[in-house]
file target.cif (mmCIF, C-alpha atoms)
data_entry
#
loop_
_atom_site.label_atom_id
_atom_site.label_comp_id
_atom_site.auth_asym_id
_atom_site.auth_seq_id
_atom_site.Cartn_x
_atom_site.Cartn_y
_atom_site.Cartn_z
CA MET Q 1 1.71 -12.28 1.10
CA PRO Q 2 3.84 -12.16 -2.07
CA ILE Q 3 3.50 -8.96 -4.10
CA GLU Q 4 3.88 -8.86 -7.87
CA LEU Q 5 6.10 -5.85 -8.58
CA LYS Q 6 6.52 -4.26 -11.99
CA ASP Q 7 8.36 -1.16 -13.22
CA ILE Q 8 6.34 0.93 -15.67
CA THR Q 9 6.67 4.27 -17.43
CA SER Q 10 3.52 6.36 -17.27
CA LYS Q 11 2.39 8.83 -19.91
CA LYS Q 12 1.49 11.37 -17.23
CA ILE Q 13 1.43 11.58 -13.47
CA LEU Q 14 -1.15 14.32 -12.78
CA SER Q 15 -4.82 13.50 -13.31
CA GLU Q 16 -7.50 16.17 -13.29
CA ALA Q 17 -9.52 15.97 -10.10
CA THR Q 18 -13.04 14.72 -10.70
CA GLY Q 19 -15.78 13.03 -8.72
CA TYR Q 20 -14.88 12.76 -5.06
CA LEU Q 21 -11.97 15.20 -5.39
CA ASP Q 22 -13.92 18.00 -7.05
CA THR Q 23 -14.13 19.82 -3.72
CA GLY Q 24 -11.19 22.12 -4.44
CA TYR Q 25 -8.31 19.94 -5.58
CA THR Q 26 -7.24 20.33 -9.18
CA HIS Q 27 -5.24 17.13 -9.59
CA SER Q 28 -4.57 13.73 -8.08
CA LEU Q 29 -1.13 12.16 -8.14
CA ASN Q 30 -0.53 8.42 -7.75
CA PRO Q 31 3.16 7.39 -7.66
CA TYR Q 32 2.13 3.74 -7.85
CA SER Q 33 -0.70 1.63 -9.21
CA GLY Q 34 -2.02 -1.08 -6.97
CA CYS Q 35 -1.51 -1.28 -3.22
CA ALA Q 36 0.20 -3.83 -1.00
CA PHE Q 37 -1.87 -2.85 2.04
CA SER Q 38 -4.86 -4.72 0.56
CA CYS Q 39 -7.56 -3.18 2.77
CA ARG Q 40 -10.74 -5.21 2.37
CA TYR Q 41 -12.95 -2.12 2.16
CA CYS Q 42 -10.87 -0.25 -0.45
CA TYR Q 43 -13.13 1.23 -3.14
CA VAL Q 44 -10.35 0.89 -5.74
CA ARG Q 45 -11.14 -2.83 -5.79
CA GLU Q 46 -14.32 -1.84 -7.66
CA MET Q 47 -12.64 0.49 -10.14
CA PRO Q 48 -11.56 -0.40 -13.71
CA ILE Q 49 -7.88 -0.41 -12.72
CA GLN Q 50 -8.61 -3.59 -10.74
CA LYS Q 51 -11.70 -4.93 -12.51
CA PHE Q 52 -9.66 -5.73 -15.62
CA LYS Q 53 -6.70 -7.12 -13.69
CA GLU Q 54 -6.22 -10.85 -13.25
CA THR Q 55 -4.03 -10.50 -10.17
CA PRO Q 56 -6.12 -9.86 -7.02
CA TRP Q 57 -6.06 -6.46 -5.35
CA GLY Q 58 -3.33 -6.25 -2.75
CA GLU Q 59 -1.06 -8.65 -4.63
CA TRP Q 60 0.35 -6.30 -7.25
CA VAL Q 61 2.07 -2.91 -7.36
CA GLU Q 62 3.25 -1.06 -10.46
CA ILE Q 63 6.12 1.36 -9.88
CA LYS Q 64 5.96 4.53 -11.99
CA THR Q 65 9.66 4.97 -12.50
CA ASN Q 66 9.35 8.25 -14.43
CA ALA Q 67 6.91 9.89 -12.01
CA ALA Q 68 9.22 12.73 -10.90
CA GLU Q 69 10.20 13.56 -14.48
CA ASN Q 70 6.55 13.61 -15.54
CA TYR Q 71 5.71 15.88 -12.63
CA ARG Q 72 8.34 18.43 -13.64
CA ASN Q 73 7.19 18.51 -17.25
CA GLU Q 74 3.49 18.68 -16.48
CA VAL Q 75 3.77 21.40 -13.85
CA ILE Q 76 5.83 23.59 -16.18
CA LYS Q 77 3.06 23.36 -18.80
CA LEU Q 78 0.36 24.11 -16.23
CA ARG Q 79 2.27 27.15 -14.96
CA GLN Q 80 2.68 28.42 -18.51
CA LYS Q 81 -1.11 28.41 -18.73
CA ASN Q 82 -1.46 30.04 -15.28
CA LYS Q 83 -3.37 27.02 -14.02
CA PRO Q 84 -3.75 26.42 -10.27
CA ILE Q 85 -2.16 23.23 -8.96
CA LYS Q 86 -3.75 21.74 -5.85
CA ILE Q 87 -2.72 18.11 -5.52
CA PHE Q 88 -4.18 15.16 -3.62
CA MET Q 89 -1.55 12.41 -3.27
CA SER Q 90 -2.86 9.76 -3.52
CA SER Q 91 -6.39 8.82 -4.55
CA ALA Q 92 -6.00 5.23 -5.78
CA THR Q 93 -2.93 3.95 -3.94
CA ASP Q 94 -0.82 4.80 -0.92
CA PRO Q 95 2.21 6.94 -1.83
CA TYR Q 96 4.19 5.12 0.85
CA GLN Q 97 3.98 1.55 -0.33
CA PRO Q 98 6.40 -0.82 1.44
CA ILE Q 99 8.51 -0.89 -1.76
CA GLU Q 100 8.93 2.90 -1.44
CA ARG Q 101 11.71 2.21 1.07
CA LYS Q 102 13.73 0.88 -1.86
CA THR Q 103 12.42 2.79 -4.88
CA ALA Q 104 11.99 6.28 -3.31
CA ILE Q 105 9.53 7.22 -6.08
CA THR Q 106 7.50 9.44 -3.75
CA ARG Q 107 10.63 10.99 -2.30
CA ARG Q 108 11.85 11.90 -5.78
CA ILE Q 109 8.48 13.49 -6.52
CA LEU Q 110 8.83 15.62 -3.38
CA GLU Q 111 12.30 16.65 -4.52
CA ALA Q 112 10.81 17.68 -7.87
CA MET Q 113 8.14 19.66 -6.01
CA LEU Q 114 10.83 21.65 -4.26
CA GLU Q 115 11.99 22.81 -7.71
CA THR Q 116 8.47 23.51 -9.05
CA PRO Q 117 6.03 23.52 -6.12
CA PRO Q 118 2.28 23.15 -6.41
CA ASP Q 119 -0.03 25.61 -4.69
CA LEU Q 120 -1.22 22.96 -2.27
CA LEU Q 121 -0.25 19.38 -1.54
CA GLN Q 122 -2.21 16.95 0.60
CA ILE Q 123 -0.38 13.70 1.29
CA GLN Q 124 -2.80 10.92 2.20
CA THR Q 125 -1.19 7.82 3.69
CA ARG Q 126 -1.47 5.15 6.35
CA SER Q 127 2.26 4.48 6.49
CA PRO Q 128 4.71 5.73 9.12
CA LEU Q 129 7.34 5.69 6.35
CA ILE Q 130 6.28 9.25 5.58
CA THR Q 131 8.40 10.45 8.51
CA ARG Q 132 11.50 9.53 6.47
CA ASP Q 133 10.66 12.48 4.20
CA LEU Q 134 10.03 15.10 6.87
CA ASP Q 135 13.15 16.95 5.75
CA LEU Q 136 11.68 17.50 2.28
CA ILE Q 137 8.14 18.18 3.48
CA LEU Q 138 9.39 20.86 5.87
CA LYS Q 139 11.23 22.57 3.01
CA LEU Q 140 8.18 22.27 0.76
CA LYS Q 141 6.04 23.87 3.47
CA GLU Q 142 8.04 27.08 2.93
CA THR Q 143 6.91 27.34 -0.71
CA CYS Q 144 3.34 25.97 -0.70
CA ASP Q 145 0.51 24.83 1.55
CA VAL Q 146 1.04 21.28 2.82
CA LEU Q 147 -1.29 18.98 4.74
CA VAL Q 148 -0.30 15.49 5.82
CA SER Q 149 -3.29 13.25 6.44
CA MET Q 150 -2.79 9.95 8.24
CA THR Q 151 -5.52 7.34 7.90
CA ILE Q 152 -6.43 6.12 11.38
CA GLU Q 153 -9.77 4.42 10.90
CA THR Q 154 -9.96 2.94 14.42
CA ASP Q 155 -7.97 2.75 17.62
CA ARG Q 156 -8.60 -1.00 17.93
CA GLU Q 157 -5.87 -3.26 16.57
CA ASP Q 158 -8.25 -6.24 16.56
CA ILE Q 159 -10.62 -4.34 14.27
CA LYS Q 160 -7.74 -3.32 12.00
CA GLN Q 161 -6.79 -6.97 11.70
CA ILE Q 162 -10.25 -7.81 10.38
CA PHE Q 163 -10.42 -5.05 7.77
CA SER Q 164 -6.79 -4.28 6.90
CA PRO Q 165 -4.41 -6.91 8.32
CA TYR Q 166 -1.53 -5.93 6.02
CA ALA Q 167 -1.63 -2.21 6.86
CA PRO Q 168 0.75 -0.66 9.41
CA GLY Q 169 -0.25 -0.86 13.07
CA ILE Q 170 -2.34 1.83 14.71
CA LYS Q 171 0.27 2.76 17.35
CA LEU Q 172 2.89 3.27 14.64
CA ARG Q 173 0.55 5.60 12.74
CA LEU Q 174 -0.29 7.59 15.88
CA ARG Q 175 3.41 7.98 16.62
CA ALA Q 176 4.06 9.14 13.05
CA ILE Q 177 1.30 11.75 12.97
CA ARG Q 178 2.49 13.08 16.33
CA GLU Q 179 6.00 13.50 14.89
CA ILE Q 180 4.58 15.28 11.85
CA TYR Q 181 2.45 17.59 14.00
CA GLU Q 182 5.29 18.39 16.39
CA SER Q 183 7.57 19.23 13.45
CA GLY Q 184 5.19 22.07 12.53
CA ILE Q 185 3.49 20.50 9.51
CA ALA Q 186 -0.31 20.70 9.33
CA ALA Q 187 -1.55 17.26 10.37
CA GLN Q 188 -4.88 15.55 9.85
CA ALA Q 189 -6.28 12.32 11.24
CA SER Q 190 -8.43 10.68 8.59
CA ILE Q 191 -11.01 8.44 10.23
CA SER Q 192 -11.75 6.89 6.88
CA PRO Q 193 -13.67 4.75 6.81
CA VAL Q 194 -15.14 4.86 10.29
CA LEU Q 195 -14.57 1.48 11.90
CA PRO Q 196 -15.56 0.47 15.45
CA PHE Q 197 -13.45 2.29 18.03
CA THR Q 198 -13.25 2.65 21.79
CA PRO Q 199 -14.49 5.66 23.79
CA GLU Q 200 -10.82 6.61 24.28
CA PHE Q 201 -10.18 7.27 20.57
CA PRO Q 202 -10.55 11.09 20.76
CA LYS Q 203 -8.06 11.23 23.63
CA LEU Q 204 -5.43 9.49 21.49
CA LEU Q 205 -5.73 12.21 18.85
CA ASN Q 206 -5.83 15.13 21.26
CA GLY Q 207 -2.82 17.40 20.86
CA ILE Q 208 -1.31 15.59 17.85
CA VAL Q 209 -3.46 16.81 14.92
CA ASP Q 210 -4.82 20.09 13.58
CA ARG Q 211 -7.77 18.59 11.75
CA ILE Q 212 -10.00 15.50 11.94
CA TRP Q 213 -11.71 14.11 8.86
CA ILE Q 214 -14.65 11.70 9.11
CA ASP Q 215 -15.63 9.47 6.22
CA THR Q 216 -17.63 6.24 5.95
CA LEU Q 217 -18.23 3.31 3.65
CA ASN Q 218 -21.67 4.67 2.82
CA ILE Q 219 -20.77 8.25 1.92
CA GLY Q 220 -17.13 7.96 0.91
CA ASP Q 221 -16.74 5.11 -1.56
CA GLY Q 222 -17.58 7.28 -4.57
CA SER Q 223 -20.95 5.66 -5.20
CA MET Q 224 -22.91 6.31 -2.00
CA GLY Q 225 -22.22 2.90 -0.55
CA LYS Q 226 -22.82 0.77 -3.65
CA ARG Q 227 -19.17 -0.18 -4.06
CA SER Q 228 -18.92 -1.09 -0.39
CA LYS Q 229 -21.96 -3.33 -0.67
CA ARG Q 230 -20.47 -5.09 -3.69
CA LEU Q 231 -17.32 -5.65 -1.66
CA GLY Q 232 -19.38 -7.46 0.97
CA MET Q 233 -18.95 -4.92 3.73
CA PRO Q 234 -22.45 -5.33 5.23
CA GLU Q 235 -21.82 -9.08 5.55
CA LEU Q 236 -18.33 -8.58 6.97
CA PHE Q 237 -19.61 -6.21 9.65
CA ALA Q 238 -22.46 -8.61 10.45
CA ALA Q 239 -20.15 -11.63 10.67
CA HIS Q 240 -18.25 -9.92 13.49
CA GLY Q 241 -21.30 -8.53 15.30
CA LEU Q 242 -20.60 -4.96 14.17
CA THR Q 243 -23.79 -4.16 12.26
CA ASP Q 244 -24.54 -1.10 14.39
CA TRP Q 245 -21.37 0.47 12.98
CA TYR Q 246 -22.60 0.11 9.41
CA ARG Q 247 -25.51 2.50 9.84
CA GLY Q 248 -26.15 5.07 7.14
CA ASP Q 249 -25.95 7.85 9.72
CA ILE Q 250 -22.78 6.69 11.46
CA HIS Q 251 -20.91 9.81 10.26
CA VAL Q 252 -23.44 12.01 12.07
CA ARG Q 253 -23.00 10.09 15.30
CA VAL Q 254 -19.21 10.09 15.08
CA GLU Q 255 -19.13 13.80 14.28
CA LYS Q 256 -21.21 14.57 17.37
CA TYR Q 257 -19.03 12.33 19.51
CA PHE Q 258 -15.77 13.93 18.43
CA LYS Q 259 -17.17 17.44 18.81
CA LYS Q 260 -17.49 16.70 22.52
CA SER Q 261 -13.69 16.51 22.71
CA PHE Q 262 -12.51 18.98 20.06
CA PRO Q 263 -13.37 22.49 18.84
CA HIS Q 264 -16.08 22.15 16.20
CA ALA Q 265 -13.87 23.85 13.62
CA MET Q 266 -11.44 20.93 13.79
CA ILE Q 267 -14.02 18.33 12.74
CA HIS Q 268 -14.82 17.85 9.05
CA VAL Q 269 -17.12 15.37 7.34
CA SER Q 270 -17.12 13.79 3.88
CA LYS Q 271 -17.43 14.94 1.18
CA ASN Q 272 -18.05 18.69 0.99
CA GLU Q 273 -15.66 19.56 3.82
CA ALA Q 274 -12.75 17.59 2.35
CA PHE Q 275 -10.76 20.45 0.90
CA PRO Q 276 -8.59 22.19 3.52
CA LYS Q 277 -9.62 25.76 2.79
CA PRO Q 278 -7.13 28.40 4.00
#
call {"tool": "encode", "arguments": {"input": "target.cif", "output": "structure tokens"}}
result
Amino acid sequence: MPIELKDITSKKILSEATGYLDTGYTHSLNPYSGCAFSCRYCYVREMPIQKFKETPWGEWVEIKTNAAENYRNEVIKLRQKNKPIKIFMSSATDPYQPIERKTAITRRILEAMLETPPDLLQIQTRSPLITRDLDLILKLKETCDVLVSMTIETDREDIKQIFSPYAPGIKLRLRAIREIYESGIAAQASISPVLPFTPEFPKLLNGIVDRIWIDTLNIGDGSMGKRSKRLGMPELFAAHGLTDWYRGDIHVRVEKYFKKSFPHAMIHVSKNEAFPKP
């Protein structure tokens, strides 16, 4: 699928955390706008950033070329005001877009963070490309709290192909989060949103993550399922005989299932348990 790429300069890179991120984060940071992974369930499809865009979601990415410079300037001002800086990267894109291999926007942001670190950084991605930056993340871990969260919404490749055919493969993500965990960086598996999985899913995560996060299309789309309905998720699940997985209480069932395999303290559920409290 061809992607429309565009270099832009952004006025600022840190946005105050509101709504879904008001659980302890102070800011979100999005190195890009748009997303080439084009997941069919992505709630950003229903946000103004896409609503007023003529190009369909998944077919455009804007590259914030001055992101690292903005970060440096904004953090200095926040520190002068003694403001806490707890960053979620990213809330409306993936910081490891395929074009990141060439542009290194996210890598340059991490380099800037080494100079002026936040108090906490959570990197949320579904791309194994993050392992390229383990050298920087390990250094950053010495100056602030770091959590790397890998989206692994299912262990079934056939299900991934239905909902997110352009996203990296499940095995590649599992291999990446294992490498992150074994390097000594706090690692989270984000089962977000919950998609149909096999009974073996917990075994695949055993011994390669510190934390498991459960989120669903009904409780995690920022509007209690309304955005997901507008995106046609109930119909998509039904078309593939998966209606039982679209239940309003699926997060409760999945939480109970995973707690059979992991210490209860490792399992966290959207939204109130999102923030990785020390």
call {"tool": "residues_near_point", "arguments": {"input": "target.cif", "point": "(-2.6, 12.6, -16.6)", "cutoff": "9 Å", "atoms": "all atoms listed in the file", "output": "ChimeraX atom specification"}}
result
/Q:10-16,27-29,74
call {"tool": "resolve_selection", "arguments": {"input": "target.cif", "expression": "the PyMOL selection byres ((chain Q and resi 254) around 12)", "output": "MDAnalysis selection string"}}
result
chainID Q and resid 153:154 191:199 201:202 212:216 245:253 255:261 267:270
call {"tool": "atom_distance", "arguments": {"input": "target.cif", "atom1": "CA of Pro48 in chain Q", "atom2": "CA of Ile152 in chain Q"}}
result
26.4 Å
call {"tool": "resolve_selection", "arguments": {"input": "target.cif", "expression": "the PyMOL selection byres ((chain Q and resi 236) around 12)", "output": "MDAnalysis selection string"}}
result
chainID Q and resid 40:41 159 162:163 195 228:235 237:243 245:246
call {"tool": "closest_residue", "arguments": {"input": "target.cif", "among": "Q:Val61, Q:Val148, Q:Cys42, Q:Ala104", "to": "Leu121 in chain Q", "atoms": "only C-alpha atoms"}}
result
Q:Val148
call {"tool": "atom_distance", "arguments": {"input": "target.cif", "atom1": "CA of Phe37 in chain Q", "atom2": "CA of Arg227 in chain Q"}}
result
18.5 Å
call {"tool": "residues_around", "arguments": {"input": "target.cif", "residues": "range 89-92 of chain Q", "least_positions_apart": "6", "cutoff": "7 Å", "atoms": "all atoms listed in the file", "output": "ChimeraX atom specification"}}
result
/Q:28-30,44,122-124
call {"tool": "write_last_selection", "arguments": {"input": "target.cif", "atoms": "C-alpha atoms", "output": "JSON list (two decimals), keeping the file's coordinate frame"}}
result
[["chain", "number", "residue", "atom", "x", "y", "z"],
["Q", 28, "SER", "CA", -4.57, 13.73, -8.08],
["Q", 29, "LEU", "CA", -1.13, 12.16, -8.14],
["Q", 30, "ASN", "CA", -0.53, 8.42, -7.75],
["Q", 44, "VAL", "CA", -10.35, 0.89, -5.74],
["Q", 122, "GLN", "CA", -2.21, 16.95, 0.60],
["Q", 123, "ILE", "CA", -0.38, 13.70, 1.29],
["Q", 124, "GLN", "CA", -2.80, 10.92, 2.20]]
call {"tool": "closest_atom_pairs", "arguments": {"input": "target.cif", "of": "range 52-125 of chain Q", "to": "range 130-141 of chain Q", "cutoff": "10 Å", "atoms": "all atoms listed in the file", "output": "JSON lines"}}
result
{"residue": "Q:Pro95", "atom": "CA", "partner": "Q:Ile130", "partner_atom": "CA", "distance": 8.8}
{"residue": "Q:Tyr96", "atom": "CA", "partner": "Q:Ile130", "partner_atom": "CA", "distance": 6.6}
{"residue": "Q:Gln97", "atom": "CA", "partner": "Q:Ile130", "partner_atom": "CA", "distance": 10.0}
{"residue": "Q:Glu100", "atom": "CA", "partner": "Q:Ile130", "partner_atom": "CA", "distance": 9.8}
{"residue": "Q:Arg101", "atom": "CA", "partner": "Q:Arg132", "partner_atom": "CA", "distance": 9.1}
{"residue": "Q:Ala104", "atom": "CA", "partner": "Q:Asp133", "partner_atom": "CA", "distance": 9.8}
{"residue": "Q:Thr106", "atom": "CA", "partner": "Q:Asp133", "partner_atom": "CA", "distance": 9.1}
{"residue": "Q:Arg107", "atom": "CA", "partner": "Q:Asp133", "partner_atom": "CA", "distance": 6.7}
{"residue": "Q:Arg108", "atom": "CA", "partner": "Q:Leu136", "partner_atom": "CA", "distance": 9.8}
{"residue": "Q:Leu110", "atom": "CA", "partner": "Q:Leu136", "partner_atom": "CA", "distance": 6.6}
{"residue": "Q:Glu111", "atom": "CA", "partner": "Q:Leu136", "partner_atom": "CA", "distance": 6.9}
{"residue": "Q:Met113", "atom": "CA", "partner": "Q:Leu140", "partner_atom": "CA", "distance": 7.3}
{"residue": "Q:Leu114", "atom": "CA", "partner": "Q:Leu140", "partner_atom": "CA", "distance": 5.7}
{"residue": "Q:Glu115", "atom": "CA", "partner": "Q:Leu140", "partner_atom": "CA", "distance": 9.3}
{"residue": "Q:Thr116", "atom": "CA", "partner": "Q:Leu140", "partner_atom": "CA", "distance": 9.9}
{"residue": "Q:Pro117", "atom": "CA", "partner": "Q:Leu140", "partner_atom": "CA", "distance": 7.3}
{"residue": "Q:Pro118", "atom": "CA", "partner": "Q:Leu140", "partner_atom": "CA", "distance": 9.3}
{"residue": "Q:Leu120", "atom": "CA", "partner": "Q:Lys141", "partner_atom": "CA", "distance": 9.3}
{"residue": "Q:Leu121", "atom": "CA", "partner": "Q:Leu140", "partner_atom": "CA", "distance": 9.2}
{"residue": "Q:Ile123", "atom": "CA", "partner": "Q:Ile130", "partner_atom": "CA", "distance": 9.1}
{"residue": "Q:Gln124", "atom": "CA", "partner": "Q:Ile130", "partner_atom": "CA", "distance": 9.8}
{"residue": "Q:Thr125", "atom": "CA", "partner": "Q:Ile130", "partner_atom": "CA", "distance": 7.8}
call {"tool": "atom_distance", "arguments": {"input": "target.cif", "atom1": "CA of Cys39 in chain Q", "atom2": "CA of Pro165 in chain Q"}}
result
7.4 Å
call {"tool": "residues_near_point", "arguments": {"input": "target.cif", "point": "(-0.9, 23.2, -6.5)", "cutoff": "6 Å", "atoms": "only C-alpha atoms", "output": "list in words"}}
result
Pro84, Ile85, Lys86, Ile87, Pro118, Asp119 and Leu120 of chain Q
